[in-house]
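Some notes on the structure that comes next.
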Amino acid sequence: MTRAGTIPAPAPAPAPAIRLIPRIEVKGPNLVKGIQFDGWRVLGLPERFAGLYSAGGADEIILQDVVASLFRRPPRLDVIRRVAAVTTVPLTVAGGIRSVEDVRAVLRAGADKVAINTAAIADPGLLRDAARTFGAQCIVASIEAMRTGRGRYECFVDHGRQQTGIDVLDWARRAIDLGAGEILLTSVEREGTGEGFDLELTAAVSRVAPVPVIASGGAGRPEHVVQAVRDGAADAVAAASLFHFRYAQPVEGPTLHWLSPDLRMGTPVDSGNVDFLNHGYGGLRAILVEPCAIATVKQAMAAAGIPVRPDATDATEATIAWSTP
């Protein structure tokens, strides 16, 4: 008690830490990366990158199958299990989830949350049913947005390939009303470009969303992440190339066995991927981004006054074995 006999007001609660989330996109058993959801190149195996990121300070991991919805395939439970087995942080899985039964299977395979786009647009009741069954905390509305006019953004499905005519802000509000506990917001135009996030889009959705918004698409430097939080009001930031190109391994030797962990786990080996891993675009392996470690980005966030997980800026960079098991 104070001298006057009054109880002092409690100290304000600290601001929640802003989450930094590596986004791992997969096609078959491989981690791939493209630009604007196209031109996929294999960089390695998702579980190898996931283990590295989990040990290196990631707050969560997003695992997205880039072709499952397009080809109406179910989620790859084997890939989910392998990634979940090497991570100690929450795992969100996206791609190919079309029913409550799919959600259940993905959660049982090791996911903590699911993100749904294409099937939710086709059947909005899926979000409601999934949230009622499993809780809003594990249902994420994935929104793939593209600018279609001045200040207007439209939802796309099938991993950015199909236009819907649905306004992004209208859908964000409806998805939340149906039970989504989080929004994964991706700018199709910025994805993979390294040009920075679409801050107008991020800020607009953040203003209408009473649930956390994850900004995705465009991270090329640590300052882009800072801008997404400071100017876009994002609650979390997802990035792919920014981290992937730091750890993608060149291929040694003139030939490569088809069981190598560096390339697709099948035959024949894609020689284009060998060339990309060794030389990238025109001889540069990371022409679009300034590759860096998760800890480096979090240090930049902390320097800008953005709260991050306390141990993140002290994390030592993890290493991983790239030889075939």
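The chains in the structure tokens are called A, B, ... from first to last as shown; in each chain the residues are counted from 1, and the ligands are counted from 1 in the order shown.
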Could you name the residues that touch Cys155 (chain A) at 12 Å or less, counting only C-alpha atoms, but leaving out those on the same chain fewer than 2 positions away, as an NGL selection string?
:A and (117-118 or 120-122 or 141-148 or 152-153 or 157-172 or 185-188 or 201)
Prev. selection, N, CA and C atoms, output as a compact mmCIF listing (two decimals), in the first residue's frame:
```
# COMPACT_ATOMS: atom_id res chain seq x y z
N ASN A 117 -7.76 -22.16 -47.30
CA ASN A 117 -8.11 -21.10 -48.24
C ASN A 117 -9.14 -21.59 -49.25
N THR A 118 -8.70 -22.40 -50.21
CA THR A 118 -9.55 -22.78 -51.34
C THR A 118 -10.85 -23.43 -50.90
N ALA A 120 -12.34 -23.27 -48.04
CA ALA A 120 -13.17 -22.37 -47.23
C ALA A 120 -13.92 -21.38 -48.11
N ILE A 121 -13.29 -20.94 -49.20
CA ILE A 121 -13.98 -20.06 -50.14
C ILE A 121 -15.13 -20.81 -50.80
N ALA A 122 -14.89 -22.07 -51.17
CA ALA A 122 -15.93 -22.87 -51.82
C ALA A 122 -17.05 -23.24 -50.86
N ALA A 141 -7.61 -18.77 -41.24
CA ALA A 141 -8.12 -18.45 -42.57
C ALA A 141 -6.95 -17.94 -43.40
N SER A 142 -6.58 -18.69 -44.42
CA SER A 142 -5.51 -18.28 -45.32
C SER A 142 -6.11 -17.45 -46.45
N ILE A 143 -5.58 -16.25 -46.65
CA ILE A 143 -6.08 -15.35 -47.69
C ILE A 143 -4.94 -15.03 -48.65
N GLU A 144 -5.12 -15.39 -49.91
CA GLU A 144 -4.16 -15.06 -50.96
C GLU A 144 -4.73 -13.87 -51.71
N ALA A 145 -4.10 -12.72 -51.59
CA ALA A 145 -4.68 -11.47 -52.06
C ALA A 145 -3.90 -10.89 -53.23
N MET A 146 -4.65 -10.28 -54.15
CA MET A 146 -4.03 -9.58 -55.26
C MET A 146 -4.80 -8.28 -55.49
N ARG A 147 -4.06 -7.22 -55.74
CA ARG A 147 -4.70 -5.93 -56.01
C ARG A 147 -5.41 -5.97 -57.36
N THR A 148 -6.68 -5.58 -57.37
CA THR A 148 -7.45 -5.56 -58.62
C THR A 148 -7.98 -4.18 -58.95
N ARG A 152 -8.30 -1.76 -53.72
CA ARG A 152 -9.13 -2.95 -53.63
C ARG A 152 -8.29 -4.19 -53.87
N TYR A 153 -8.52 -5.17 -53.03
CA TYR A 153 -7.82 -6.44 -53.14
C TYR A 153 -8.83 -7.57 -53.22
N VAL A 157 -7.61 -18.28 -55.14
CA VAL A 157 -7.55 -19.64 -54.60
C VAL A 157 -6.62 -20.48 -55.47
N ASP A 158 -6.49 -21.76 -55.10
CA ASP A 158 -5.61 -22.69 -55.81
C ASP A 158 -4.19 -22.13 -55.90
N HIS A 159 -3.71 -21.65 -54.76
CA HIS A 159 -2.37 -21.10 -54.63
C HIS A 159 -2.13 -19.98 -55.62
N GLY A 160 -3.04 -19.01 -55.60
CA GLY A 160 -2.89 -17.79 -56.37
C GLY A 160 -3.23 -17.89 -57.83
N ARG A 161 -3.84 -18.99 -58.26
CA ARG A 161 -4.09 -19.18 -59.69
C ARG A 161 -5.50 -18.79 -60.13
N GLN A 162 -6.46 -18.81 -59.23
CA GLN A 162 -7.85 -18.65 -59.63
C GLN A 162 -8.47 -17.44 -58.94
N GLN A 163 -9.01 -16.53 -59.73
CA GLN A 163 -9.68 -15.34 -59.22
C GLN A 163 -11.06 -15.71 -58.69
N THR A 164 -11.50 -15.05 -57.62
CA THR A 164 -12.80 -15.38 -57.02
C THR A 164 -13.83 -14.27 -57.11
N GLY A 165 -13.39 -13.02 -57.27
CA GLY A 165 -14.32 -11.90 -57.24
C GLY A 165 -14.70 -11.46 -55.83
N ILE A 166 -14.11 -12.09 -54.81
CA ILE A 166 -14.45 -11.79 -53.42
C ILE A 166 -13.47 -10.77 -52.86
N ASP A 167 -13.99 -9.71 -52.28
CA ASP A 167 -13.16 -8.67 -51.68
C ASP A 167 -12.44 -9.21 -50.44
N VAL A 168 -11.17 -8.90 -50.31
CA VAL A 168 -10.37 -9.43 -49.21
C VAL A 168 -10.90 -8.99 -47.85
N LEU A 169 -11.26 -7.72 -47.71
CA LEU A 169 -11.73 -7.25 -46.41
C LEU A 169 -13.07 -7.88 -46.05
N ASP A 170 -13.94 -8.03 -47.04
CA ASP A 170 -15.23 -8.69 -46.78
C ASP A 170 -15.02 -10.13 -46.32
N TRP A 171 -14.10 -10.83 -47.00
CA TRP A 171 -13.87 -12.23 -46.64
C TRP A 171 -13.19 -12.35 -45.29
N ALA A 172 -12.27 -11.46 -44.99
CA ALA A 172 -11.61 -11.51 -43.68
C ALA A 172 -12.64 -11.38 -42.56
N LEU A 185 -2.19 -13.84 -44.20
CA LEU A 185 -2.43 -12.93 -45.32
C LEU A 185 -1.22 -12.89 -46.23
N THR A 186 -1.39 -13.35 -47.47
CA THR A 186 -0.28 -13.42 -48.42
C THR A 186 -0.56 -12.53 -49.61
N SER A 187 0.37 -11.66 -49.94
CA SER A 187 0.29 -10.87 -51.16
C SER A 187 0.86 -11.69 -52.30
N VAL A 188 0.01 -12.07 -53.25
CA VAL A 188 0.47 -12.88 -54.39
C VAL A 188 1.51 -12.11 -55.20
N LEU A 201 -2.09 -3.35 -47.90
CA LEU A 201 -2.92 -4.54 -47.72
C LEU A 201 -2.89 -5.01 -46.27
```
According to DSSP computed on the backbone, where in region 46-277 of chain A is there helix (DSSP H, G or I)? Give the residues as a PDB file with C-alpha atoms, in the first residue's frame.
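Final output, saved to states07.pdb:
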```pdb
ATOM      1  CA  PRO A  46      11.375 -29.749 -45.641  1.00  0.00           C
ATOM      2  CA  GLU A  47      12.241 -31.638 -42.475  1.00  0.00           C
ATOM      3  CA  ARG A  48      15.882 -30.595 -42.753  1.00  0.00           C
ATOM      4  CA  PHE A  49      14.992 -26.915 -42.988  1.00  0.00           C
ATOM      5  CA  ALA A  50      12.282 -27.246 -40.317  1.00  0.00           C
ATOM      6  CA  GLY A  51      14.721 -28.749 -37.834  1.00  0.00           C
ATOM      7  CA  LEU A  52      17.160 -25.945 -38.514  1.00  0.00           C
ATOM      8  CA  TYR A  53      14.532 -23.242 -38.048  1.00  0.00           C
ATOM      9  CA  SER A  54      13.075 -24.803 -34.915  1.00  0.00           C
ATOM     10  CA  ALA A  55      16.518 -24.860 -33.309  1.00  0.00           C
ATOM     11  CA  LEU A  77       0.548 -36.840 -43.881  1.00  0.00           C
ATOM     12  CA  ASP A  78       3.953 -38.495 -44.257  1.00  0.00           C
ATOM     13  CA  VAL A  79       5.602 -35.127 -44.888  1.00  0.00           C
ATOM     14  CA  ILE A  80       3.716 -33.550 -41.983  1.00  0.00           C
ATOM     15  CA  ARG A  81       4.868 -36.318 -39.644  1.00  0.00           C
ATOM     16  CA  ARG A  82       8.502 -35.922 -40.683  1.00  0.00           C
ATOM     17  CA  VAL A  83       8.416 -32.167 -40.155  1.00  0.00           C
ATOM     18  CA  ALA A  84       6.541 -32.423 -36.849  1.00  0.00           C
ATOM     19  CA  ALA A  85       9.089 -34.950 -35.585  1.00  0.00           C
ATOM     20  CA  VAL A 100     -13.319 -31.683 -40.960  1.00  0.00           C
ATOM     21  CA  GLU A 101     -11.888 -35.178 -41.416  1.00  0.00           C
ATOM     22  CA  ASP A 102      -8.850 -33.693 -43.189  1.00  0.00           C
ATOM     23  CA  VAL A 103      -8.368 -31.275 -40.294  1.00  0.00           C
ATOM     24  CA  ARG A 104      -8.507 -34.155 -37.824  1.00  0.00           C
ATOM     25  CA  ALA A 105      -5.984 -36.196 -39.817  1.00  0.00           C
ATOM     26  CA  VAL A 106      -3.560 -33.278 -40.109  1.00  0.00           C
ATOM     27  CA  LEU A 107      -3.756 -32.504 -36.388  1.00  0.00           C
ATOM     28  CA  ARG A 108      -3.180 -36.160 -35.559  1.00  0.00           C
ATOM     29  CA  THR A 118      -9.551 -22.777 -51.342  1.00  0.00           C
ATOM     30  CA  ALA A 119     -11.995 -25.115 -49.596  1.00  0.00           C
ATOM     31  CA  ALA A 120     -13.168 -22.370 -47.233  1.00  0.00           C
ATOM     32  CA  ILE A 121     -13.984 -20.056 -50.140  1.00  0.00           C
ATOM     33  CA  ALA A 122     -15.933 -22.867 -51.824  1.00  0.00           C
ATOM     34  CA  GLY A 125     -19.250 -23.630 -43.482  1.00  0.00           C
ATOM     35  CA  LEU A 126     -16.006 -25.605 -43.289  1.00  0.00           C
ATOM     36  CA  LEU A 127     -14.464 -22.864 -41.151  1.00  0.00           C
ATOM     37  CA  ARG A 128     -17.482 -22.875 -38.841  1.00  0.00           C
ATOM     38  CA  ASP A 129     -17.567 -26.658 -38.508  1.00  0.00           C
ATOM     39  CA  ALA A 130     -13.808 -26.930 -37.981  1.00  0.00           C
ATOM     40  CA  ALA A 131     -13.796 -24.178 -35.355  1.00  0.00           C
ATOM     41  CA  ARG A 132     -16.700 -25.773 -33.504  1.00  0.00           C
ATOM     42  CA  THR A 133     -15.012 -29.171 -33.571  1.00  0.00           C
ATOM     43  CA  PHE A 134     -11.425 -28.232 -32.751  1.00  0.00           C
ATOM     44  CA  ALA A 136     -10.912 -21.339 -33.120  1.00  0.00           C
ATOM     45  CA  GLN A 137      -7.343 -21.300 -31.785  1.00  0.00           C
ATOM     46  CA  CYS A 138      -6.245 -23.894 -34.341  1.00  0.00           C
ATOM     47  CA  VAL A 168     -10.367  -9.427 -49.206  1.00  0.00           C
ATOM     48  CA  LEU A 169     -11.734  -7.248 -46.411  1.00  0.00           C
ATOM     49  CA  ASP A 170     -15.232  -8.687 -46.778  1.00  0.00           C
ATOM     50  CA  TRP A 171     -13.874 -12.227 -46.644  1.00  0.00           C
ATOM     51  CA  ALA A 172     -11.608 -11.507 -43.682  1.00  0.00           C
ATOM     52  CA  ARG A 173     -14.598 -10.262 -41.677  1.00  0.00           C
ATOM     53  CA  ARG A 174     -16.729 -13.236 -42.672  1.00  0.00           C
ATOM     54  CA  ALA A 175     -14.000 -15.796 -41.984  1.00  0.00           C
ATOM     55  CA  ILE A 176     -13.573 -14.403 -38.482  1.00  0.00           C
ATOM     56  CA  ASP A 177     -17.328 -14.449 -37.908  1.00  0.00           C
ATOM     57  CA  LEU A 178     -17.333 -18.110 -38.955  1.00  0.00           C
ATOM     58  CA  LEU A 199       1.877  -2.539 -46.268  1.00  0.00           C
ATOM     59  CA  GLU A 200      -1.394  -1.068 -47.521  1.00  0.00           C
ATOM     60  CA  LEU A 201      -2.925  -4.540 -47.716  1.00  0.00           C
ATOM     61  CA  THR A 202      -1.546  -5.637 -44.350  1.00  0.00           C
ATOM     62  CA  ALA A 203      -2.696  -2.492 -42.558  1.00  0.00           C
ATOM     63  CA  ALA A 204      -6.171  -2.655 -44.107  1.00  0.00           C
ATOM     64  CA  VAL A 205      -6.765  -6.237 -42.972  1.00  0.00           C
ATOM     65  CA  SER A 206      -5.244  -5.581 -39.544  1.00  0.00           C
ATOM     66  CA  ARG A 207      -7.704  -2.721 -39.026  1.00  0.00           C
ATOM     67  CA  VAL A 208     -10.766  -4.916 -39.551  1.00  0.00           C
ATOM     68  CA  PRO A 222      15.207  -7.610 -41.948  1.00  0.00           C
ATOM     69  CA  GLU A 223      13.859  -4.062 -42.281  1.00  0.00           C
ATOM     70  CA  HIS A 224      10.936  -5.389 -44.318  1.00  0.00           C
ATOM     71  CA  VAL A 225       9.860  -7.414 -41.294  1.00  0.00           C
ATOM     72  CA  VAL A 226      10.116  -4.322 -39.104  1.00  0.00           C
ATOM     73  CA  GLN A 227       7.960  -2.383 -41.581  1.00  0.00           C
ATOM     74  CA  ALA A 228       5.281  -5.091 -41.638  1.00  0.00           C
ATOM     75  CA  VAL A 229       4.879  -4.728 -37.882  1.00  0.00           C
ATOM     76  CA  ARG A 230       5.402  -0.992 -37.522  1.00  0.00           C
ATOM     77  CA  SER A 241      13.357 -16.986 -49.271  1.00  0.00           C
ATOM     78  CA  LEU A 242      14.847 -14.712 -46.621  1.00  0.00           C
ATOM     79  CA  PHE A 243      15.797 -17.814 -44.629  1.00  0.00           C
ATOM     80  CA  HIS A 244      15.845 -20.592 -47.223  1.00  0.00           C
ATOM     81  CA  PHE A 245      18.605 -19.122 -49.363  1.00  0.00           C
ATOM     82  CA  ARG A 246      20.912 -18.921 -46.378  1.00  0.00           C
ATOM     83  CA  TYR A 247      20.795 -22.668 -45.934  1.00  0.00           C
ATOM     84  CA  SER A 271      19.214 -31.273 -63.735  1.00  0.00           C
ATOM     85  CA  GLY A 272      17.580 -27.840 -63.645  1.00  0.00           C
ATOM     86  CA  ASN A 273      17.457 -28.040 -59.873  1.00  0.00           C
ATOM     87  CA  VAL A 274      21.150 -29.001 -59.758  1.00  0.00           C
ATOM     88  CA  ASP A 275      21.980 -25.888 -61.764  1.00  0.00           C
ATOM     89  CA  PHE A 276      19.734 -23.701 -59.606  1.00  0.00           C
ATOM     90  CA  LEU A 277      21.204 -24.940 -56.336  1.00  0.00           C
TER      91      LEU A 277
END
```
Which residue out of A:Ile21, A:Ala209, A:Ala219, A:Leu288 has the minimum interatomic distance to Ile62 (chain A) when only C-alpha atoms are used?
A:Ile21
Applying 8 Å and only C-alpha atoms, which residues near Asp198 (chain A) remain after dropping the ones on its own chain fewer than 5 positions away? List them as number ranges by chain.
A: 187, 190, 217-218
Take the residues just selected and output them with N, CA and C atoms as a PDB file, in the first residue's frame.
```pdb
ATOM      1  N   SER A 187       0.367 -11.659 -49.941  1.00  0.00           N
ATOM      2  CA  SER A 187       0.288 -10.867 -51.161  1.00  0.00           C
ATOM      3  C   SER A 187       0.865 -11.689 -52.305  1.00  0.00           C
ATOM      4  N   ARG A 190       3.638  -9.822 -54.262  1.00  0.00           N
ATOM      5  CA  ARG A 190       4.921  -9.622 -53.589  1.00  0.00           C
ATOM      6  C   ARG A 190       5.629 -10.934 -53.271  1.00  0.00           C
ATOM      7  N   GLY A 217       4.661 -12.702 -47.747  1.00  0.00           N
ATOM      8  CA  GLY A 217       4.852 -12.341 -49.143  1.00  0.00           C
ATOM      9  C   GLY A 217       5.666 -11.077 -49.314  1.00  0.00           C
ATOM     10  N   GLY A 218       6.976 -11.223 -49.598  1.00  0.00           N
ATOM     11  CA  GLY A 218       7.785 -10.061 -49.932  1.00  0.00           C
ATOM     12  C   GLY A 218       9.004  -9.806 -49.089  1.00  0.00           C
TER      13      GLY A 218
END
```
Work out how far apart CA of Glu182 (chain A) and CA of Val289 (chain A) are and give it in Å to one decimal.
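Distance reported for this atom pair: 27.3 Å.
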Just checking: using only C-alpha atoms, which residue out of A:Ala304, A:Leu45, A:Val89, A:Ile61 ends up closest to Leu31 (chain A)?
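Residue with the minimum atom-to-atom distance to Leu31 (chain A): A:Leu45.
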Could you tell me how far CA of Gly95 (chain A) sits from CA of Leu63 (chain A), in Å to one decimal place?
8.5 Å
For Gly56 (chain A), which of A:Cys292, A:Val140, A:Ala234, A:Leu184 is the closest residue, counting only C-alpha atoms?
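Closest to Gly56 (chain A), using only C-alpha atoms: A:Cys292.
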Here is a test: counting only C-alpha atoms, which residue of A:Val86, A:Gly44, A:Glu25, A:Ile183 is nearest to Val66 (chain A)?
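Ranking A:Val86, A:Gly44, A:Glu25, A:Ile183 by distance to Val66 (chain A), first place goes to A:Glu25.
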